[in-house]
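K.L.:
So that we are looking at the same thing, I have put the structure below in structure tokens.
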Amino acid sequence: MRLSPLPLAFNQRLRLAEVVPSALRFGWVLALLCKGVLEIGEVCRRLASGVAPAIHTPRVDPMAKKVSAKARAAARKQRDKWKMKRWYTIRAPRSPWEFKKIGETIGESDEHIMGRVYEMTQQEFNGDFTKMHVILRFRVTECVGQDALTTFIGHHHQTDHIRRQIRRYRGKVDDVVDVVSTDGYLVRLKPLIITQKRVQTSIKQAMRAKARELIVAFAAKSTFAKIQTQILDGTLEEELRKAVKPIYPVKSVAIRKSQLLQSGVVADSGKTLDEIHAEEARSDAELKAKKAAALASAMEDEEEEGDDAPSILDAAEAMEPASEKTEAPAEEAPAEEAPAEEAAPEEAPAEEAAADVDHSSMTVAELKELLKAAGKPVSGKKADLIARLNE
């Protein structure tokens with residue numbers, strides 16, 4: 001096929017956008033490329049006929065708009081959410097823990113508190129440091145005033161503690177047991193038995209069956225409150241140990257995890273919340289009274305110690321040599337020796353009267369005055385002053 005000549009000069013370079021309006025003229029493109037008329041990669045910057053040039057308007061940033069006065073006032077009046085919040089006292093279940101205080105939480109309203117899960121160690125709960133690896137979980141189910149009442153939803157042992165129990169050449173027996181208490185609570189218990197040496201599968205099966213039988217029988221005649229207490233105080237674990245020990249020697253037995261799957265009948269036994277508040281107020285009052293009494297006694301002891309403490313002048317007098325104390329009166333009145341001798345018989349009855357006085361009933365200040373009058377040191381405690389006067 002022969003191409004018709006182009007109406008343009010041969011040496012004139014055409015643009016690809018002008019000559020090729022569509023992909024149907026592919027043959028023309030090849031011919032023009034071979035003759036060097038077209039150049040690939042160039043774009044025509046000449047506007048098409050009848051097309052008006054585009055007007056570029058500057059872009060306005062919406063963030064650069066001037067904020068109105070009303071918006072600024074609204075921003076200033078924005079409420080502080082922390083001022084709207086209040087503190088709630090988290091309490092353990094009524095049975096068997098009698099609404100014991102276990103912590104505090106903060107929230108705007110009761111709806112924000114409901115459903116929260118609070119975790120704490122058993123050491124923080126009852127002070128047993130041997131159970132610091134046990135984590136207790138409580139869920140808030142009701143809010144009464146500033147009190148958030150909870151339900152015990154389970155416990156678990158920390159993973160690092162379980163891993164430390166399992167060593168080489170030891171056997172591990174795990175199980176999952178779902179039990180129902182007498183008050184309708186569905187609880188899942190996971191016992192863990194660690195044997196002293198590796199055991200066969202048949203022995204593991206026997207130990208697992210024995211533990212399951214004991215747990216199901218125990219839960220069938222116990223309430224949910226009793227299950228809680230016996231899990232946390234180790235009673236159930238000790239019974240499991242006694243049951244599986246005849247099968248094979250064990251290293252440790254534990255209920256490593258418990259989980260509340262379904263709630264049952266809530267028990268009404270135990271003290272009410274008002275009674276608990278009254279007891280707490282009474283105990284707080286007694287504690288304040290004891291603190292006040294201790295503070296008053298401490299202040300009295302400090303005052304007595306301040307009276308007993310020697311002053312600077314008394315310490316200086318006590319540090320003077322005895323010769324300096326006796327020489328000064330001797331030089332001042334040499335002519336008064338005769339009256340002093342006459343007064344000696346009169347001083348004997350006065351000393352006898354002083355011996356009859358009960359010095360223990362006198363204050364420290366009065367004892368110091370008597371010692372000063374007798375020319376004796378006034379430093380020391382009350383017992384020392386009395387002994388010095390009795391000399």
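We name chains A, B, ... following the order of the structure tokens; residues begin at 1 in each chain, and ligands are numbered from 1 as shown.
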May I have all residues of stretch 115-313 of chain A that DSSP, computed from the backbone, assigns to alpha helix (DSSP H), given as a PyMOL selection string?
P.N.:
chain A and resi 122-126+159-165+201-220+224-232+235-244+273-308+312-313
K.L.:
Nearest residue to A:Glu280 out of A:Thr130, A:Glu119, A:Leu389, A:Lys100, using only C-alpha atoms?
P.N.:
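For A:Glu280, the nearest of the candidates is A:Lys100.
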K.L.:
Could you list, as a list in words, every residue within 12 Å of A:Thr272, counting only C-alpha atoms and ignoring same-chain residues fewer than 2 positions away?
P.N.:
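With the cut-off at 12 Å, the set is Pro93, Arg94, Ser95, Trp97, Glu98, Phe99, Lys100, Ala267, Asp268, Ser269, Gly270, Asp274, Glu275, Ile276, His277, Ala278 and Glu279 of chain A.
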K.L.:
Give me the residues within 9 Å of A:Gly171 as an MDAnalysis selection string, counting only C-alpha atoms and dropping any in the same chain fewer than 4 places off.
P.N.:
chainID A and resid 166:167 193:200 204 250
K.L.:
Would you save the residues from that selection as an mmCIF file, in the first residue's frame, using C-alpha atoms?
P.N.:
data_model
loop_
_atom_site.group_PDB
_atom_site.id
_atom_site.type_symbol
_atom_site.label_atom_id
_atom_site.label_comp_id
_atom_site.auth_asym_id
_atom_site.auth_seq_id
_atom_site.Cartn_x
_atom_site.Cartn_y
_atom_site.Cartn_z
ATOM 1 C CA ILE A 166 7.469 -27.215 84.805
ATOM 2 C CA ARG A 167 11.006 -28.577 84.517
ATOM 3 C CA ILE A 193 -0.837 -31.310 88.475
ATOM 4 C CA ILE A 194 2.967 -31.491 88.272
ATOM 5 C CA THR A 195 4.526 -34.892 88.981
ATOM 6 C CA GLN A 196 8.040 -35.374 90.318
ATOM 7 C CA LYS A 197 9.105 -37.470 87.304
ATOM 8 C CA ARG A 198 7.875 -38.276 83.852
ATOM 9 C CA VAL A 199 4.898 -40.594 83.866
ATOM 10 C CA GLN A 200 3.106 -42.754 81.356
ATOM 11 C CA LYS A 204 -1.890 -39.256 83.605
ATOM 12 C CA VAL A 250 3.273 -35.135 92.835
#
K.L.:
When you count only C-alpha atoms, which of these residues is closest to A:Trp82: A:Ala211, A:Glu108, A:Thr235, A:Pro96?
P.N.:
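Once distances to A:Trp82 are computed over only C-alpha atoms, the minimum belongs to A:Glu108.
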K.L.:
Among stretch 72-260 of chain A, which ones does DSSP assign to strand (DSSP E or B) (computed from the backbone)? Answer as an NGL selection string.
P.N.:
:A and (86-91 or 101-107 or 117-121 or 134-144 or 147-157 or 171-174 or 177-180 or 186-195 or 250-260)
K.L.:
Quick one: residues within 6 Å of A:Ala254, only C-alpha atoms counted, chain neighbours fewer than 5 positions away excluded, as a list in words?
P.N.:
Pro191, Leu192 and Glu237 of chain A
K.L.:
Applying 8 Å and only C-alpha atoms, which residues near stretch 143-148 of chain A remain after dropping the ones on its own chain fewer than 6 positions away? List them as a PDB file with C-alpha atoms, in the first residue's frame.
P.N.:
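Here's the written file around.pdb:
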ATOM      1  CA  TRP A  87     -14.292   8.836  92.196  1.00  0.00           C
ATOM      2  CA  TYR A  88     -15.968   5.501  92.881  1.00  0.00           C
ATOM      3  CA  THR A  89     -15.010   3.004  95.584  1.00  0.00           C
ATOM      4  CA  ILE A  90     -14.718  -0.530  94.184  1.00  0.00           C
ATOM      5  CA  ARG A  91     -16.054  -3.153  96.599  1.00  0.00           C
ATOM      6  CA  ASP A 110     -22.611   5.164  86.480  1.00  0.00           C
ATOM      7  CA  ILE A 113     -18.390   2.443  85.349  1.00  0.00           C
ATOM      8  CA  MET A 114     -20.685  -0.495  84.621  1.00  0.00           C
TER       9      MET A 114
END
K.L.:
Using only C-alpha atoms, which residues of stretch 154-218 of chain A come within 10 Å of stretch 226-231 of chain A, and what is the closest atom pair for each, with the distance in Å to one decimal? Give it as JSON lines, sorted by chain and residue number.
P.N.:
{"residue": "A:Gly154", "atom": "CA", "partner": "A:Gln228", "partner_atom": "CA", "distance": 8.6}
{"residue": "A:His155", "atom": "CA", "partner": "A:Ile231", "partner_atom": "CA", "distance": 9.4}
{"residue": "A:Ser181", "atom": "CA", "partner": "A:Ile227", "partner_atom": "CA", "distance": 8.2}
{"residue": "A:Val187", "atom": "CA", "partner": "A:Ile227", "partner_atom": "CA", "distance": 9.4}
{"residue": "A:Leu189", "atom": "CA", "partner": "A:Ile231", "partner_atom": "CA", "distance": 9.8}
{"residue": "A:Phe218", "atom": "CA", "partner": "A:Ile227", "partner_atom": "CA", "distance": 8.6}
K.L.:
Selection from above, N, CA and C atoms, as a PDB file, in the first residue's frame, can you write it?
P.N.:
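That gives us part.pdb:
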ATOM      1  N   GLY A 154     -13.449 -14.682  88.226  1.00  0.00           N
ATOM      2  CA  GLY A 154     -12.416 -15.691  88.010  1.00  0.00           C
ATOM      3  C   GLY A 154     -11.050 -15.249  88.492  1.00  0.00           C
ATOM      4  N   HIS A 155     -10.098 -16.148  88.347  1.00  0.00           N
ATOM      5  CA  HIS A 155      -8.713 -15.874  88.714  1.00  0.00           C
ATOM      6  C   HIS A 155      -7.812 -16.665  87.774  1.00  0.00           C
ATOM      7  N   SER A 181     -22.689 -24.915  90.521  1.00  0.00           N
ATOM      8  CA  SER A 181     -22.836 -24.852  91.971  1.00  0.00           C
ATOM      9  C   SER A 181     -24.299 -25.035  92.362  1.00  0.00           C
ATOM     10  N   VAL A 187     -19.317 -22.547  86.398  1.00  0.00           N
ATOM     11  CA  VAL A 187     -17.919 -22.162  86.575  1.00  0.00           C
ATOM     12  C   VAL A 187     -17.033 -23.152  85.847  1.00  0.00           C
ATOM     13  N   LEU A 189     -13.236 -24.633  85.771  1.00  0.00           N
ATOM     14  CA  LEU A 189     -12.021 -24.782  86.561  1.00  0.00           C
ATOM     15  C   LEU A 189     -10.972 -25.538  85.752  1.00  0.00           C
ATOM     16  N   PHE A 218     -17.291 -31.952  94.574  1.00  0.00           N
ATOM     17  CA  PHE A 218     -17.181 -30.803  95.483  1.00  0.00           C
ATOM     18  C   PHE A 218     -18.117 -29.669  95.068  1.00  0.00           C
TER      19      PHE A 218
END
K.L.:
Atom CA of A:Ile247 and atom CA of A:Arg212, how far apart in Å?
P.N.:
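So the answer is 14.3 Å.
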